[in-house]
Each structure stands twice: as C-alpha cells, then as structure tokens.
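Trainee: Just passing along the structure, written as structure tokens.
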Amino acid sequence: MASPGAETKKPEHHSGFVQLCNPHVAAMKEDVLYHFSLSTSTHDFPAMFGDVKFVCVGGSPSRMKAFIKYVAVELGLGQPDADYPNICEGTDRYAMFKVGPVLSVSHGMGIPSIAIMLHELIKLLYHARCSDVTIIRIGTSGGIGLEPGSVVITGQAVDACFKPEFELMVLGKRVVRSTHMDEQLVQELARCSADLGKFPTVVGHTMCTLDFYEGQGRLDGALCCYTEKDKQEYLQAAYAAGIRNIEMEASVFSAMCNACGLRAAVVCVTLLNRLEGDQISSPHEVLVEYQQRPQQLVGHFIKKCLAEA
Ligand code: R2B
Ligand code: URA
C-alpha cells in the first residue's frame, strides 16, 4: 500500500483539463455526488457544465446567489430581475448557480465543509470534461493591521503556526500538502482592484484556522485560556510574518485546487481589524457593502478575461 506522508512534488499536468489525483474514480460506473444531490447516471455533466471556465465559491448560499445575479448583469448575460435556479435543489448542504461560463457554489464554514464540497466540485468539473478552469474563493475574514473593509488577495495561505502547509490525517497518518498560490493570478487580481479603484486592496499571507474563537486568538468565546497580552503578541507575530487576514478555508482550498490542475485564488474582505477587537459590530448595511467588494473585484476580473479571450 502506498503510504501517506509529505506531498512535496506537484503533480504534472499536461493539459488544461481538470484532473483527479485518484485512480479509482475512472473505474466507477456511476459517481453519486451526494452532497450536491447530482449523479453521473441521472445528470448529463458535460451538457450542464462543460462550458464552465470560472468557478466562484463562498460560504453562504445567499451570497453565492447574489454573486451569480451580479456577474450575469456585469457580463451582459442576464437582467437584474432574472432568477437563477439552485442546481443543487435536492439538498440543503450546498447551493450552486450558473450563468454562461460562471459557476457559483456555497461551501459553508471551515475546512471540513469546504473540503467535502471541493471533492465533489472537482469531480463534477472532471466528469464534465472542463478545461482551463479558474477557481476563486470570495469571502470574509478578520484583518490584521488593516482598515476594516480592506480586501486581501492571498499571496500565501498559512496555518496557525504560520507555515504554508495544509495537514490532514489519512489512514491514521499525517499528510502534508503545499498551499502554494498562483502568483500570476494574484497579480492579475491586484491589477483588477487597481483598475476599479474603489476600495483598499493588499496582497498578503492569509492564516487559515480550525476555529473562529480560540483558533483565531479571540477573547470573546465560551472558552479562553490566554490573556489579552498573549493574544496581542500572537497577532503581532502574525503581522510580522506577513499575515494580513485570518479565515477558515484558504489552506485546504489552495492545496486541493493546486493538486487537481485548477488555477486558484482567494479574495477576502476584512470585516474588522483584529488588533483592535474581536467582535464584529459594524452595522448590517456596512457589512453587506463590504461583502460585495470581493464580488466586484472578481466580477471585473472575469469580464476582463472574457474580453481578452
Ligand atoms: C470567514 O467567515 C466565516 C466565519 O465567520 C468562515 O467561513 C470564514 O472563513
Ligand atoms: N471570518 C473569520 O474567519 N474571522 C473573522 O474575524 C471574520 C470573518
């Protein structure tokens, strides 16, 4: 049996086709994507998804529906009042919407939730024989040393020890995968934000944690075993290591997408400056406007890519 361990070597991809790092799937007669309520025997994946070139993922179903409506108007593919059916209507685990070459999928909160979604999403793209796909996570985060509302394009996803790694237990053994980001895509997105000129945007490291409270050094959870001073020292050390925001999905997202030949990026708005507090207490309208910022940036990016194609 091949033993799990450090996976330092990147798989080689000889085409732009989405690839699986799993030899077993090709031999399966049917593939049931249980959490999407879709199956290769009941749905024609190439017909439904074969033209997908951009996939945007984000935590909440309503935000991902708002994104598809926004991008449809931006690309001239739909009217503002058009409705987009949830392709995963048979389940309430995840929601999925499509317009033209853009797919928008919700992933819930945290590494386990996004990882399950990504296993099924990447298989969906593989069964649909999609090629040259760019996938972008658009989300929220806590900023470090940034004005709230700033957007961070992830230059490197790191763990809670500031290492650019994603660790997973496979068959009881530790497997470590690289969280490398596509530098060219990062720079293209940074240029798109500069074109828009609407909100401050930085490229920085993103720390991905297993928890929102103690895992992100908050003092306001139900449990806390450290002092305000300990918290400040940790966040200052994170800032010194180049970390500009904290969220809960970037590391597994980049590890899985890299391995399967998807060009991937993470664009998150910061809802607060964690050096100044823990609670997210800005008015609802302010938070709603902040959450539109990654959508605007990525909408502009897709429009630009399609105009240049
Ligand atoms: C950002 O926001 C969520 C926690 O509130 C989590 O999914 C994340 O990464
Ligand atoms: N999401 C996070 O994971 N952390 C924050 O502080 C805000 C949003």
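If you're wondering about the labels, chains in the structure tokens are A, B, ... by order shown, residues count from 1 in each chain, ligands from 1 in order shown.
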Could you list, as an NGL selection string, all the residues within 8 Å of ligand 1, counting only C-alpha atoms and all ligand atoms?
Mentor: :A and (59 or 108-110 or 139-142 or 208 or 212 or 246-250)
Trainee: Any chance you could tabulate, as JSON lines, the residues of chain A at most 12 Å from ligand 2 with each one's nearest atom pair and distance in Å to one decimal, using only C-alpha atoms and all ligand atoms, in chain and rising number order?
Mentor:
```
{"residue": "A:Gly58", "atom": "CA", "partner": "ligand 2", "partner_atom_place_in_ligand_line": "1 (N)", "distance": 11.6}
{"residue": "A:Gly59", "atom": "CA", "partner": "ligand 2", "partner_atom_place_in_ligand_line": "1 (N)", "distance": 10.0}
{"residue": "A:Gly108", "atom": "CA", "partner": "ligand 2", "partner_atom_place_in_ligand_line": "3 (O)", "distance": 11.7}
{"residue": "A:Met109", "atom": "CA", "partner": "ligand 2", "partner_atom_place_in_ligand_line": "3 (O)", "distance": 8.5}
{"residue": "A:Gly110", "atom": "CA", "partner": "ligand 2", "partner_atom_place_in_ligand_line": "3 (O)", "distance": 8.3}
{"residue": "A:Ile111", "atom": "CA", "partner": "ligand 2", "partner_atom_place_in_ligand_line": "3 (O)", "distance": 11.1}
{"residue": "A:Ile138", "atom": "CA", "partner": "ligand 2", "partner_atom_place_in_ligand_line": "1 (N)", "distance": 11.7}
{"residue": "A:Gly139", "atom": "CA", "partner": "ligand 2", "partner_atom_place_in_ligand_line": "1 (N)", "distance": 8.0}
{"residue": "A:Thr140", "atom": "CA", "partner": "ligand 2", "partner_atom_place_in_ligand_line": "8 (C)", "distance": 4.9}
{"residue": "A:Ser141", "atom": "CA", "partner": "ligand 2", "partner_atom_place_in_ligand_line": "8 (C)", "distance": 3.6}
{"residue": "A:Gly142", "atom": "CA", "partner": "ligand 2", "partner_atom_place_in_ligand_line": "6 (O)", "distance": 3.3}
{"residue": "A:Gly143", "atom": "CA", "partner": "ligand 2", "partner_atom_place_in_ligand_line": "6 (O)", "distance": 7.0}
{"residue": "A:Ile144", "atom": "CA", "partner": "ligand 2", "partner_atom_place_in_ligand_line": "6 (O)", "distance": 9.3}
{"residue": "A:Pro148", "atom": "CA", "partner": "ligand 2", "partner_atom_place_in_ligand_line": "7 (C)", "distance": 10.4}
{"residue": "A:Gly149", "atom": "CA", "partner": "ligand 2", "partner_atom_place_in_ligand_line": "7 (C)", "distance": 11.2}
{"residue": "A:Thr206", "atom": "CA", "partner": "ligand 2", "partner_atom_place_in_ligand_line": "3 (O)", "distance": 10.5}
{"residue": "A:Met207", "atom": "CA", "partner": "ligand 2", "partner_atom_place_in_ligand_line": "3 (O)", "distance": 9.3}
{"residue": "A:Cys208", "atom": "CA", "partner": "ligand 2", "partner_atom_place_in_ligand_line": "3 (O)", "distance": 7.9}
{"residue": "A:Thr209", "atom": "CA", "partner": "ligand 2", "partner_atom_place_in_ligand_line": "3 (O)", "distance": 7.6}
{"residue": "A:Leu210", "atom": "CA", "partner": "ligand 2", "partner_atom_place_in_ligand_line": "3 (O)", "distance": 9.1}
{"residue": "A:Asp211", "atom": "CA", "partner": "ligand 2", "partner_atom_place_in_ligand_line": "3 (O)", "distance": 7.6}
{"residue": "A:Phe212", "atom": "CA", "partner": "ligand 2", "partner_atom_place_in_ligand_line": "3 (O)", "distance": 5.3}
{"residue": "A:Tyr213", "atom": "CA", "partner": "ligand 2", "partner_atom_place_in_ligand_line": "4 (N)", "distance": 8.3}
{"residue": "A:Glu214", "atom": "CA", "partner": "ligand 2", "partner_atom_place_in_ligand_line": "4 (N)", "distance": 11.0}
{"residue": "A:Gly215", "atom": "CA", "partner": "ligand 2", "partner_atom_place_in_ligand_line": "3 (O)", "distance": 9.4}
{"residue": "A:Gln216", "atom": "CA", "partner": "ligand 2", "partner_atom_place_in_ligand_line": "4 (N)", "distance": 7.2}
{"residue": "A:Gly217", "atom": "CA", "partner": "ligand 2", "partner_atom_place_in_ligand_line": "6 (O)", "distance": 9.6}
{"residue": "A:Arg218", "atom": "CA", "partner": "ligand 2", "partner_atom_place_in_ligand_line": "6 (O)", "distance": 8.6}
{"residue": "A:Leu219", "atom": "CA", "partner": "ligand 2", "partner_atom_place_in_ligand_line": "6 (O)", "distance": 11.9}
{"residue": "A:Asp220", "atom": "CA", "partner": "ligand 2", "partner_atom_place_in_ligand_line": "6 (O)", "distance": 11.6}
{"residue": "A:Leu235", "atom": "CA", "partner": "ligand 2", "partner_atom_place_in_ligand_line": "6 (O)", "distance": 11.9}
{"residue": "A:Arg244", "atom": "CA", "partner": "ligand 2", "partner_atom_place_in_ligand_line": "6 (O)", "distance": 11.5}
{"residue": "A:Asn245", "atom": "CA", "partner": "ligand 2", "partner_atom_place_in_ligand_line": "4 (N)", "distance": 8.1}
{"residue": "A:Ile246", "atom": "CA", "partner": "ligand 2", "partner_atom_place_in_ligand_line": "4 (N)", "distance": 5.6}
{"residue": "A:Glu247", "atom": "CA", "partner": "ligand 2", "partner_atom_place_in_ligand_line": "3 (O)", "distance": 3.5}
{"residue": "A:Met248", "atom": "CA", "partner": "ligand 2", "partner_atom_place_in_ligand_line": "3 (O)", "distance": 5.2}
{"residue": "A:Glu249", "atom": "CA", "partner": "ligand 2", "partner_atom_place_in_ligand_line": "3 (O)", "distance": 8.4}
{"residue": "A:Ala250", "atom": "CA", "partner": "ligand 2", "partner_atom_place_in_ligand_line": "3 (O)", "distance": 10.2}
{"residue": "A:Cys268", "atom": "CA", "partner": "ligand 2", "partner_atom_place_in_ligand_line": "8 (C)", "distance": 9.1}
{"residue": "A:Val269", "atom": "CA", "partner": "ligand 2", "partner_atom_place_in_ligand_line": "8 (C)", "distance": 8.6}
{"residue": "A:Thr270", "atom": "CA", "partner": "ligand 2", "partner_atom_place_in_ligand_line": "7 (C)", "distance": 6.8}
{"residue": "A:Leu271", "atom": "CA", "partner": "ligand 2", "partner_atom_place_in_ligand_line": "7 (C)", "distance": 5.8}
{"residue": "A:Leu272", "atom": "CA", "partner": "ligand 2", "partner_atom_place_in_ligand_line": "6 (O)", "distance": 6.7}
{"residue": "A:Asn273", "atom": "CA", "partner": "ligand 2", "partner_atom_place_in_ligand_line": "6 (O)", "distance": 8.2}
{"residue": "A:Arg274", "atom": "CA", "partner": "ligand 2", "partner_atom_place_in_ligand_line": "6 (O)", "distance": 6.9}
{"residue": "A:Leu275", "atom": "CA", "partner": "ligand 2", "partner_atom_place_in_ligand_line": "6 (O)", "distance": 10.7}
{"residue": "A:Glu276", "atom": "CA", "partner": "ligand 2", "partner_atom_place_in_ligand_line": "6 (O)", "distance": 11.4}
{"residue": "A:Gly277", "atom": "CA", "partner": "ligand 2", "partner_atom_place_in_ligand_line": "6 (O)", "distance": 9.4}
{"residue": "A:Asp278", "atom": "CA", "partner": "ligand 2", "partner_atom_place_in_ligand_line": "6 (O)", "distance": 6.9}
{"residue": "A:Gln279", "atom": "CA", "partner": "ligand 2", "partner_atom_place_in_ligand_line": "6 (O)", "distance": 8.0}
{"residue": "A:Ile280", "atom": "CA", "partner": "ligand 2", "partner_atom_place_in_ligand_line": "7 (C)", "distance": 7.3}
{"residue": "A:Ser281", "atom": "CA", "partner": "ligand 2", "partner_atom_place_in_ligand_line": "7 (C)", "distance": 11.0}
{"residue": "A:Ser282", "atom": "CA", "partner": "ligand 2", "partner_atom_place_in_ligand_line": "7 (C)", "distance": 11.8}
{"residue": "A:Leu287", "atom": "CA", "partner": "ligand 2", "partner_atom_place_in_ligand_line": "8 (C)", "distance": 10.7}
{"residue": "A:Tyr290", "atom": "CA", "partner": "ligand 2", "partner_atom_place_in_ligand_line": "8 (C)", "distance": 11.5}
{"residue": "A:Gln291", "atom": "CA", "partner": "ligand 2", "partner_atom_place_in_ligand_line": "8 (C)", "distance": 10.6}
```
Trainee: Determine, counting only C-alpha atoms, which protein, DNA and RNA residues have an atom within 8 Å of an atom of region 180-193 of chain A; residues of the same chain fewer than 6 positions away are not included. Present the result as a VMD selection string.
Mentor: chain A and resid 153 to 157 164 199 201 to 203 254 to 255 258 263 to 265 297 to 298 300 to 301
Trainee: How many Å lie between CA of Arg93 (chain A) and CA of Leu77 (chain A), rounded to one decimal?
Mentor: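 These two atoms are separated by 27.4 Å.
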Trainee: Figure out the distance between CA of Ala128 (chain A) and CA of Gly50 (chain A), please, to one decimal in Å.
Mentor: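 Computed distance, CA of Gly50 (chain A) to CA of Ala128 (chain A), equals 4.9 Å.
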Trainee: Fewer than 4 positions away in the same chain doesn't count, so skip those; otherwise give me all residues within 10 Å of Thr91 (chain A), counting only C-alpha atoms, as an NGL selection string.
Mentor: :A and (34-38 or 86-87 or 95)
Trainee: Can you list, as a list in words, all residues belonging to region 80-119 of chain A that DSSP tags as strand (DSSP E or B)?
Mentor: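 Taking region 80-119 of chain A and keeping strand (DSSP E or B) gives Met96, Phe97, Lys98, Val99, Val102, Leu103, Ser104, Val105 and Ser106 of chain A.
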Trainee: Please provide the set of residues having any atom within 12 Å of Met28 (chain A), restricted to only C-alpha atoms, with same-chain residues fewer than 2 positions apart removed, written as a ChimeraX atom specification.
Mentor: /A:22-26,30-32,39-41,127
Trainee: Do you have the CA of Tyr234 (chain A)-CA of Val151 (chain A) distance handy?
Mentor: 21.9 Å
